[in-house]
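Peer 1: First, the structure itself, so that you have it in front of you.
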Amino acid sequence: MSDVYKIVTDKTLTYKQQFVLLAKIGENTDTTIPYNPLWIQAIEEGMVCDLFEGALPYRPRYIIPDYHVLMEKGSDFLELGAPTDLWEAIHSLLIMYNHVPSVSSFPVFLGDLDTLLDPFIKDEQEAEKAIRLFMLHIDRVFTDSFVHANIGPKDTKAGRIILKVTKELQTAVPNMTVKYDPDITSDEFASLCASTMLDTAKPSFANHKMFTEEFGEGYALASCYNGLRLAGGGYTLPRLKLASIAQKAQSIEHFKNELLPYYVQLMSEFMDMRIRFMVEEASFFKSNFLVKEGFIKQENFVGMFGMVGLAESVNTLLEIDDLKKGYGHLQEADDLGEDIIKHLDHLISLHPAPYSENSQNRYWLHAQVGIERDGLGSSPGTRIPVGAEPETHKQINHSTRFHKYFPAGTGDIYRFDETWKKTPEALVDIIRGALLRGVRYFSGYCENNDVVRVTGYLVKRSELEKLDRKEAVKNHATVLGQGSRDLAKALDRRVNRQ
Amino acid sequence: MIKAPICKIIPFSNVDGPGNRMAIFFQGCPFNCWYCHNPETINLCNHCGLCVDTCPEKALSMIHNQVTWNEQQCISCDQCLATCPNQSSPKVKSYTTDDVMVQVDELSPFIRGLTVSGGEAMMYPEFLTELFQKVKKYPLNILIDSNGYRPFADYPMLLDLIDGVMLDVKSIDPSFHKKLTGQDNTIVIENLKYLISINKLYEVRIVCLPSYDEQNRKTIQQVSQIIQHHCRLKLIKYRPYGVTDNGLDILGKETFSEVLFEEYKQLAKAFGVKDIAMI
């Protein structure tokens, strides 16, 4: 049975999901880019992973258009003038989203929705209706949890309406981040965000001060929690699987001084080849209207250097079997973990990255959230394994050691019991403290909600149940969620209880 | 250095005052209320050793005639609490203020304040004074949760250090208070008035009981007349969880209706209380 036949006859896939999978098979028939056989071997051995981006990249993995251009000038290619009211603004955005490519074919960034829409808000009742329909449209048409909207840091009418309808609609799409800075964001708006997060697992909180120090004002949170430059994006995202690499190590020194440099070199070359092809040969950066009309600029793109499984690599190197006595619980293990990431960051910085003009000509570290088939043996990024999390404040303090190394994205997820719904301001106390201490990105959800965060993306439990009954579901991420639930216990994380 | 017995420290509590707080529960309470939810905090351990044999994890042992708790081995099944005939717990630890400060320091970025509760925190006023002097180095709000048995007017230095008191008024009726708690309420009522006069009353709590409607109304009415708009009133509905058999015999396993609870709220409102919380 061919892979094409399997896809075409799979009753749990929708038409669009089949279409995207079939396109990938087509792309993979190409052999233009001469990938290093040692890289292919490393993939086969499970030491690295290309995250199935496809053999011949015809667009960057993640694209972060500056939608303010659309609001100010419209688009010649789309034959849209600058919008003059809220309905036109929303309509223009919905049209444009269909023309923003990505690895999943869905737009992974929808814009700073509140600042885009707020200038158009006149009648609040009408605005609420317009924004409710807008958010509903996004969930039903862009059926993928990696579709991501940003709000904040300022408290705006549009922001409040977005939160209100998000709470009401209870959808997994879009994923959402509030850019939070206690000096800019009002306490009331932060509380509303926390309350919405407890009800429907979004928005997550991004450390605005930290991101603006690295990127300036023009940055976005896209897909899971990827930090990327506005009017730019991420070219590609392969990852090192530290847990497997550690299995091969004879000692900590062997791991750090021989294995890591070897795989960093292989992966950097792989990224170089893909980026060179995208910029030099593929049509995207030459002819796509997003480039020509200034929605994105090539020099704002960066290659994302992913890694997973730090926890397991450390425990392996220190020969620790009991998860509750290793990484996340033991000073020696955490010190080694930070030492490894610091060293990895250094090795990456030594490699000159092509076409990364606004990213210091280097690849940027990304703590990848893992994929469902990683299973229990490889925790996302630098996270403590699910089920072995210490008390919340200890977990936060642990995170602060690592988040600074990951401008291209990292984050932790905290689960709370129902009582916190009554006291969102108490949750803001925790988040504010965490961000001030150096946490980059904070996600939370309430233990029994329908919408829950799996590793970085959202799913609805009700959709998981549908999929369990072998029925097709709109949201492709539900399939990933099912795998992570079954293979990696991703929904069993520790609950902060009273 | 002064030490005090502490039965539990909750790093993140969202139910012991405003915002996220560290909550410290002291062991020992001079009251013995019918509806006490954690009767194991009333007395100090007398080292009778009965709990040692019933611990399924062998986390308790007798060392030099003292019941000793091995925290690492404990699975928190609470069999020891069920065994204890003395309304106590073998899981109480003796802390210096420096021991507590280690945790305050670790938690301080994530909390708005600290609440001491119990048991009855005011059994250890010297310890609290020393502790709060150290806590003052942090921008943290400090609240004492108290049953009001000890006159606050006797501790001006302690009161200077704190932001407020959350005071329980179990009953306004002296003889009913005596029956309900085993103790007189004269000092409680004096504390109520005194704390208002110095602007240190953060909240008053009244637990409303099933089948004592008249007592409930009397307490709500008179307390409301005293506090008026000066602080929040928290009305707490009786819940049977954790209550001793003796308490259950008197108060039952059911609570009263939401309709009646709402009437209590309206009563407080009618006497001028503006901020009323109901749980």
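Chain labels run A, B, ... following the order of the structure tokens; each chain numbers its residues from 1, and ligands are numbered from 1 in the order shown.
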Applying 12 Å and only C-alpha atoms, which residues near Gln41 of chain A remain after dropping the ones on its own chain fewer than 6 positions away? List them as a list in words.
Peer 2: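 The residues satisfying every condition are Tyr35, Met47, Val48, Cys49, Tyr263 and Leu266 of chain A.
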Peer 1: For Asn199 of chain B, work out the shell of residues within 10 Å, counting only C-alpha atoms and skipping chain neighbours fewer than 2 positions away, then give it as a VMD selection string.
Peer 2: chain B and resid 163 to 165 193 to 197 201 to 202 230 to 231
Peer 1: Select from segment 235-276 of chain A everything DSSP, run on the backbone, classes as helix (DSSP H, G or I), then give the selection as a ChimeraX atom specification.
Peer 2: /A:242-248,252-276
Peer 1: Store the residues of this selection in a file with N, CA, C and O atoms, as a tab-separated table (two decimals), in the first residue's frame.
Peer 2:
```
chain	number	residue	atom	x	y	z
A	242	LEU	N	18.96	15.70	22.04
A	242	LEU	CA	20.02	15.55	23.03
A	242	LEU	C	19.92	14.23	23.81
A	242	LEU	O	20.93	13.66	24.20
A	243	ALA	N	18.68	13.76	24.01
A	243	ALA	CA	18.52	12.52	24.78
A	243	ALA	C	19.22	11.36	24.08
A	243	ALA	O	19.92	10.57	24.72
A	244	SER	N	19.06	11.26	22.75
A	244	SER	CA	19.70	10.16	22.01
A	244	SER	C	21.20	10.36	21.92
A	244	SER	O	21.97	9.40	22.01
A	245	ILE	N	21.61	11.63	21.72
A	245	ILE	CA	23.04	11.88	21.61
A	245	ILE	C	23.76	11.49	22.91
A	245	ILE	O	24.84	10.89	22.88
A	246	ALA	N	23.09	11.78	24.04
A	246	ALA	CA	23.71	11.43	25.34
A	246	ALA	C	23.87	9.92	25.50
A	246	ALA	O	24.81	9.45	26.13
A	247	GLN	N	22.93	9.16	24.90
A	247	GLN	CA	23.02	7.69	24.99
A	247	GLN	C	24.32	7.19	24.36
A	247	GLN	O	24.85	6.15	24.73
A	248	LYS	N	24.80	7.94	23.37
A	248	LYS	CA	25.98	7.54	22.62
A	248	LYS	C	27.28	7.98	23.31
A	248	LYS	O	28.37	7.56	22.92
A	252	ILE	N	30.78	12.81	29.99
A	252	ILE	CA	30.29	14.18	29.82
A	252	ILE	C	31.21	14.94	28.85
A	252	ILE	O	30.75	15.65	27.96
A	253	GLU	N	32.51	14.74	29.00
A	253	GLU	CA	33.46	15.44	28.12
A	253	GLU	C	33.29	15.00	26.68
A	253	GLU	O	33.33	15.82	25.76
A	254	HIS	N	33.10	13.70	26.47
A	254	HIS	CA	32.89	13.17	25.12
A	254	HIS	C	31.64	13.79	24.51
A	254	HIS	O	31.62	14.22	23.36
A	255	PHE	N	30.59	13.90	25.33
A	255	PHE	CA	29.33	14.51	24.87
A	255	PHE	C	29.56	15.96	24.45
A	255	PHE	O	29.17	16.38	23.37
A	256	LYS	N	30.21	16.71	25.33
A	256	LYS	CA	30.36	18.15	25.09
A	256	LYS	C	31.40	18.47	24.02
A	256	LYS	O	31.19	19.36	23.19
A	257	ASN	N	32.52	17.76	24.05
A	257	ASN	CA	33.64	18.17	23.20
A	257	ASN	C	33.72	17.45	21.87
A	257	ASN	O	34.41	17.90	20.96
A	258	GLU	N	33.02	16.33	21.75
A	258	GLU	CA	33.09	15.62	20.47
A	258	GLU	C	31.72	15.48	19.81
A	258	GLU	O	31.54	15.88	18.66
A	259	LEU	N	30.76	14.94	20.56
A	259	LEU	CA	29.46	14.68	19.92
A	259	LEU	C	28.72	15.98	19.60
A	259	LEU	O	28.25	16.17	18.47
A	260	LEU	N	28.62	16.88	20.56
A	260	LEU	CA	27.89	18.13	20.30
A	260	LEU	C	28.49	18.91	19.12
A	260	LEU	O	27.76	19.27	18.20
A	261	PRO	N	29.79	19.15	19.11
A	261	PRO	CA	30.35	19.89	17.97
A	261	PRO	C	30.07	19.19	16.63
A	261	PRO	O	29.78	19.85	15.63
A	262	TYR	N	30.13	17.88	16.64
A	262	TYR	CA	29.88	17.13	15.40
A	262	TYR	C	28.46	17.37	14.89
A	262	TYR	O	28.24	17.72	13.72
A	263	TYR	N	27.47	17.22	15.77
A	263	TYR	CA	26.08	17.37	15.32
A	263	TYR	C	25.71	18.84	15.05
A	263	TYR	O	24.90	19.12	14.18
A	264	VAL	N	26.31	19.74	15.82
A	264	VAL	CA	26.06	21.16	15.55
A	264	VAL	C	26.55	21.51	14.15
A	264	VAL	O	25.88	22.20	13.38
A	265	GLN	N	27.72	20.97	13.79
A	265	GLN	CA	28.28	21.24	12.47
A	265	GLN	C	27.37	20.66	11.37
A	265	GLN	O	27.03	21.35	10.40
A	266	LEU	N	26.95	19.40	11.56
A	266	LEU	CA	26.08	18.75	10.56
A	266	LEU	C	24.78	19.54	10.39
A	266	LEU	O	24.33	19.78	9.27
A	267	MET	N	24.21	19.94	11.50
A	267	MET	CA	22.91	20.62	11.43
A	267	MET	C	23.07	22.03	10.85
A	267	MET	O	22.23	22.48	10.09
A	268	SER	N	24.14	22.71	11.20
A	268	SER	CA	24.37	24.05	10.66
A	268	SER	C	24.52	23.98	9.14
A	268	SER	O	23.96	24.81	8.41
A	269	GLU	N	25.26	22.98	8.65
A	269	GLU	CA	25.43	22.83	7.19
A	269	GLU	C	24.09	22.56	6.52
A	269	GLU	O	23.80	23.09	5.45
A	270	PHE	N	23.29	21.72	7.16
A	270	PHE	CA	21.96	21.41	6.64
A	270	PHE	C	21.12	22.69	6.53
A	270	PHE	O	20.46	22.96	5.52
A	271	MET	N	21.18	23.52	7.58
A	271	MET	CA	20.41	24.77	7.58
A	271	MET	C	20.95	25.73	6.51
A	271	MET	O	20.19	26.36	5.78
A	272	ASP	N	22.29	25.79	6.41
A	272	ASP	CA	22.92	26.65	5.38
A	272	ASP	C	22.36	26.32	4.00
A	272	ASP	O	21.99	27.21	3.24
A	273	MET	N	22.32	25.02	3.69
A	273	MET	CA	21.90	24.59	2.35
A	273	MET	C	20.46	24.96	2.07
A	273	MET	O	20.13	25.44	0.99
A	274	ARG	N	19.63	24.76	3.05
A	274	ARG	CA	18.21	25.06	2.86
A	274	ARG	C	18.00	26.58	2.70
A	274	ARG	O	17.24	27.03	1.84
A	275	ILE	N	18.67	27.34	3.53
A	275	ILE	CA	18.48	28.79	3.48
A	275	ILE	C	19.02	29.34	2.17
A	275	ILE	O	18.39	30.17	1.51
A	276	ARG	N	20.20	28.87	1.76
A	276	ARG	CA	20.77	29.33	0.49
A	276	ARG	C	19.81	29.03	-0.65
A	276	ARG	O	19.57	29.89	-1.51
```
Peer 1: Kindly provide, as a PyMOL selection string, the residues of chain A having any atom no farther than 8 Å from an atom of chain B, counting only C-alpha atoms.
Peer 2: chain A and resi 393+419-420+423+425-427+429-434+436-437+498
Peer 1: Take the residues from that selection and put them in a file with C-alpha atoms, as a CSV table (one decimal), in the first residue's frame.
Peer 2:
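Result file is part14.csv:
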```csv
chain,number,residue,atom,x,y,z
A,393,HIS,CA,8.1,28.2,42.4
A,419,THR,CA,-9.9,27.8,42.7
A,420,TRP,CA,-7.6,30.0,40.7
A,423,THR,CA,-8.4,34.9,41.8
A,425,GLU,CA,-5.0,38.5,40.1
A,426,ALA,CA,-3.2,36.0,42.3
A,427,LEU,CA,-2.0,34.2,39.1
A,429,ASP,CA,1.3,37.8,40.9
A,430,ILE,CA,3.0,34.6,40.0
A,431,ILE,CA,3.4,35.5,36.3
A,432,ARG,CA,4.8,39.0,37.0
A,433,GLY,CA,7.3,37.5,39.5
A,434,ALA,CA,8.3,34.8,37.0
A,436,LEU,CA,10.8,39.7,36.4
A,437,ARG,CA,13.0,36.8,37.4
A,498,GLN,CA,-4.8,24.6,47.2
```
Peer 1: Can you pull out every residue within 12 Å of Pro107 of chain A, counting only C-alpha atoms, but drop anything in the same chain fewer than 5 positions away, and send it as an MDAnalysis selection string?
Peer 2: chainID A and resid 60:65 93:102 138 141:149 173:175 222:223 233
Peer 1: Generate a file of the selected residues that holds N, CA, C and O atoms, formatted as a compact mmCIF listing (two decimals), in the first residue's frame.
Peer 2:
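Writing done, so here's again.txt:
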```txt
# COMPACT_ATOMS: atom_id res chain seq x y z
N PRO A 60 9.75 29.94 3.47
CA PRO A 60 10.33 29.75 4.81
C PRO A 60 9.33 28.99 5.69
O PRO A 60 8.13 28.97 5.40
N ARG A 61 9.85 28.41 6.77
CA ARG A 61 8.97 27.64 7.66
C ARG A 61 7.91 28.54 8.30
O ARG A 61 6.73 28.20 8.32
N TYR A 62 8.35 29.68 8.86
CA TYR A 62 7.42 30.60 9.54
C TYR A 62 7.55 32.00 8.95
O TYR A 62 8.66 32.50 8.81
N ILE A 63 6.41 32.63 8.66
CA ILE A 63 6.43 33.96 8.08
C ILE A 63 5.65 34.92 8.99
O ILE A 63 4.53 34.61 9.43
N ILE A 64 6.28 36.05 9.29
CA ILE A 64 5.70 37.02 10.22
C ILE A 64 5.44 38.33 9.46
O ILE A 64 6.26 39.26 9.52
N PRO A 65 4.33 38.42 8.73
CA PRO A 65 4.09 39.65 7.97
C PRO A 65 3.79 40.83 8.91
O PRO A 65 3.22 40.63 9.98
N LEU A 93 -7.75 41.55 6.56
CA LEU A 93 -6.89 40.58 7.26
C LEU A 93 -7.25 39.15 6.86
O LEU A 93 -6.38 38.34 6.56
N LEU A 94 -8.57 38.85 6.85
CA LEU A 94 -8.99 37.49 6.53
C LEU A 94 -8.58 37.11 5.11
O LEU A 94 -8.21 35.96 4.84
N ILE A 95 -8.64 38.08 4.20
CA ILE A 95 -8.21 37.81 2.83
C ILE A 95 -6.71 37.52 2.81
O ILE A 95 -6.24 36.55 2.24
N MET A 96 -5.98 38.38 3.51
CA MET A 96 -4.52 38.24 3.45
C MET A 96 -4.02 36.94 4.09
O MET A 96 -3.08 36.32 3.59
N TYR A 97 -4.66 36.53 5.19
CA TYR A 97 -4.22 35.30 5.86
C TYR A 97 -4.13 34.12 4.89
O TYR A 97 -3.27 33.25 5.01
N ASN A 98 -5.04 34.10 3.91
CA ASN A 98 -5.05 33.00 2.94
C ASN A 98 -3.83 33.01 2.04
O ASN A 98 -3.59 32.05 1.32
N HIS A 99 -3.09 34.12 2.07
CA HIS A 99 -1.93 34.24 1.16
C HIS A 99 -0.62 34.23 1.93
O HIS A 99 0.40 34.64 1.39
N VAL A 100 -0.67 33.82 3.19
CA VAL A 100 0.56 33.76 3.99
C VAL A 100 0.96 32.30 4.16
O VAL A 100 0.31 31.56 4.88
N PRO A 101 2.03 31.87 3.47
CA PRO A 101 2.40 30.45 3.54
C PRO A 101 3.09 30.09 4.85
O PRO A 101 3.46 30.97 5.63
N SER A 102 3.27 28.80 5.06
CA SER A 102 4.07 28.30 6.17
C SER A 102 4.29 26.82 5.95
O SER A 102 3.77 26.25 4.99
N ILE A 138 -11.66 32.62 12.02
CA ILE A 138 -10.29 32.12 12.14
C ILE A 138 -10.30 30.66 12.59
O ILE A 138 -9.62 29.81 12.01
N VAL A 141 -11.80 28.34 9.69
CA VAL A 141 -11.14 28.29 8.38
C VAL A 141 -9.65 27.95 8.50
O VAL A 141 -9.14 27.16 7.73
N PHE A 142 -8.98 28.53 9.49
CA PHE A 142 -7.55 28.26 9.65
C PHE A 142 -7.39 27.17 10.70
O PHE A 142 -6.99 27.42 11.83
N THR A 143 -7.75 25.98 10.32
CA THR A 143 -7.97 24.89 11.27
C THR A 143 -6.66 24.23 11.72
O THR A 143 -6.41 23.06 11.44
N ASP A 144 -5.85 25.01 12.40
CA ASP A 144 -4.57 24.49 12.85
C ASP A 144 -4.13 25.30 14.06
O ASP A 144 -4.09 26.53 14.02
N SER A 145 -3.79 24.61 15.14
CA SER A 145 -3.51 25.29 16.40
C SER A 145 -2.22 26.11 16.39
O SER A 145 -1.92 26.79 17.36
N PHE A 146 -1.45 26.02 15.32
CA PHE A 146 -0.21 26.81 15.26
C PHE A 146 -0.46 28.21 14.70
O PHE A 146 0.45 29.02 14.60
N VAL A 147 -1.70 28.47 14.32
CA VAL A 147 -2.12 29.80 13.89
C VAL A 147 -2.18 30.66 15.15
O VAL A 147 -2.87 30.31 16.12
N HIS A 148 -1.44 31.78 15.17
CA HIS A 148 -1.16 32.45 16.45
C HIS A 148 -1.41 33.95 16.37
O HIS A 148 -0.92 34.62 15.46
N ALA A 149 -2.17 34.48 17.31
CA ALA A 149 -2.45 35.92 17.39
C ALA A 149 -1.73 36.52 18.59
O ALA A 149 -1.55 35.85 19.60
N VAL A 173 -8.22 27.45 18.23
CA VAL A 173 -7.55 28.34 17.27
C VAL A 173 -8.18 29.73 17.41
O VAL A 173 -9.41 29.83 17.50
N PRO A 174 -7.44 30.82 17.38
CA PRO A 174 -5.99 30.83 17.27
C PRO A 174 -5.32 30.62 18.62
O PRO A 174 -5.93 30.87 19.66
N ASN A 175 -4.06 30.17 18.57
CA ASN A 175 -3.20 30.25 19.73
C ASN A 175 -3.02 31.74 20.02
O ASN A 175 -3.19 32.56 19.12
N ALA A 222 4.81 33.38 17.44
CA ALA A 222 4.10 32.67 16.38
C ALA A 222 4.15 31.18 16.62
O ALA A 222 4.97 30.70 17.41
N SER A 223 3.29 30.45 15.91
CA SER A 223 3.21 29.00 16.02
C SER A 223 3.04 28.63 17.50
O SER A 223 2.12 29.12 18.13
N GLY A 233 10.79 36.31 9.92
CA GLY A 233 10.30 34.98 10.23
C GLY A 233 11.42 34.01 10.49
O GLY A 233 12.56 34.41 10.76
```
Peer 1: Output as a ChimeraX atom specification all residues of segment 215-305 of chain A that backbone DSSP marks as strand (DSSP E or B).
Peer 2: /A:219-222,226-229,232-234,239-241,301-302,304-305
Peer 1: When you look at Val259 of chain B with a cut-off of 12 Å (counting only C-alpha atoms), what residues show up, excluding the ones that are within fewer than 6 positions of it in the same chain? I need them as a list in words.
Peer 2: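 So, after excluding close chain neighbours, the residues are Lys237, Lys265 and Gln266 of chain B.
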Peer 1: Write out the residues from the selection above, keeping all heavy atoms, as a PDB file, in the first residue's frame.
Peer 2:
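The resulting selection_11.pdb:
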```
ATOM      1  N   LYS B 237     -20.056  29.468  54.761  1.00  0.00           N
ATOM      2  CA  LYS B 237     -21.099  28.482  54.968  1.00  0.00           C
ATOM      3  C   LYS B 237     -20.481  27.240  55.614  1.00  0.00           C
ATOM      4  O   LYS B 237     -19.423  26.774  55.172  1.00  0.00           O
ATOM      5  CB  LYS B 237     -21.647  28.129  53.585  1.00  0.00           C
ATOM      6  CG  LYS B 237     -22.999  27.524  53.571  1.00  0.00           C
ATOM      7  CD  LYS B 237     -23.357  27.226  52.125  1.00  0.00           C
ATOM      8  CE  LYS B 237     -24.843  27.209  51.936  1.00  0.00           C
ATOM      9  NZ  LYS B 237     -25.218  26.811  50.590  1.00  0.00           N
ATOM     10  N   LYS B 265     -26.596  37.548  53.731  1.00  0.00           N
ATOM     11  CA  LYS B 265     -25.851  38.613  53.055  1.00  0.00           C
ATOM     12  C   LYS B 265     -26.658  39.913  53.088  1.00  0.00           C
ATOM     13  O   LYS B 265     -26.117  40.988  53.388  1.00  0.00           O
ATOM     14  CB  LYS B 265     -25.575  38.188  51.609  1.00  0.00           C
ATOM     15  CG  LYS B 265     -24.787  39.227  50.827  1.00  0.00           C
ATOM     16  CD  LYS B 265     -24.641  38.832  49.374  1.00  0.00           C
ATOM     17  CE  LYS B 265     -23.938  39.946  48.608  1.00  0.00           C
ATOM     18  NZ  LYS B 265     -23.809  39.648  47.187  1.00  0.00           N
ATOM     19  N   GLN B 266     -27.942  39.796  52.788  1.00  0.00           N
ATOM     20  CA  GLN B 266     -28.802  40.982  52.769  1.00  0.00           C
ATOM     21  C   GLN B 266     -28.880  41.621  54.156  1.00  0.00           C
ATOM     22  O   GLN B 266     -28.937  42.842  54.289  1.00  0.00           O
ATOM     23  CB  GLN B 266     -30.212  40.628  52.256  1.00  0.00           C
ATOM     24  CG  GLN B 266     -30.256  40.213  50.791  1.00  0.00           C
ATOM     25  CD  GLN B 266     -29.552  41.198  49.860  1.00  0.00           C
ATOM     26  OE1 GLN B 266     -29.591  42.410  50.072  1.00  0.00           O
ATOM     27  NE2 GLN B 266     -28.866  40.685  48.844  1.00  0.00           N
TER      28      GLN B 266
END
```
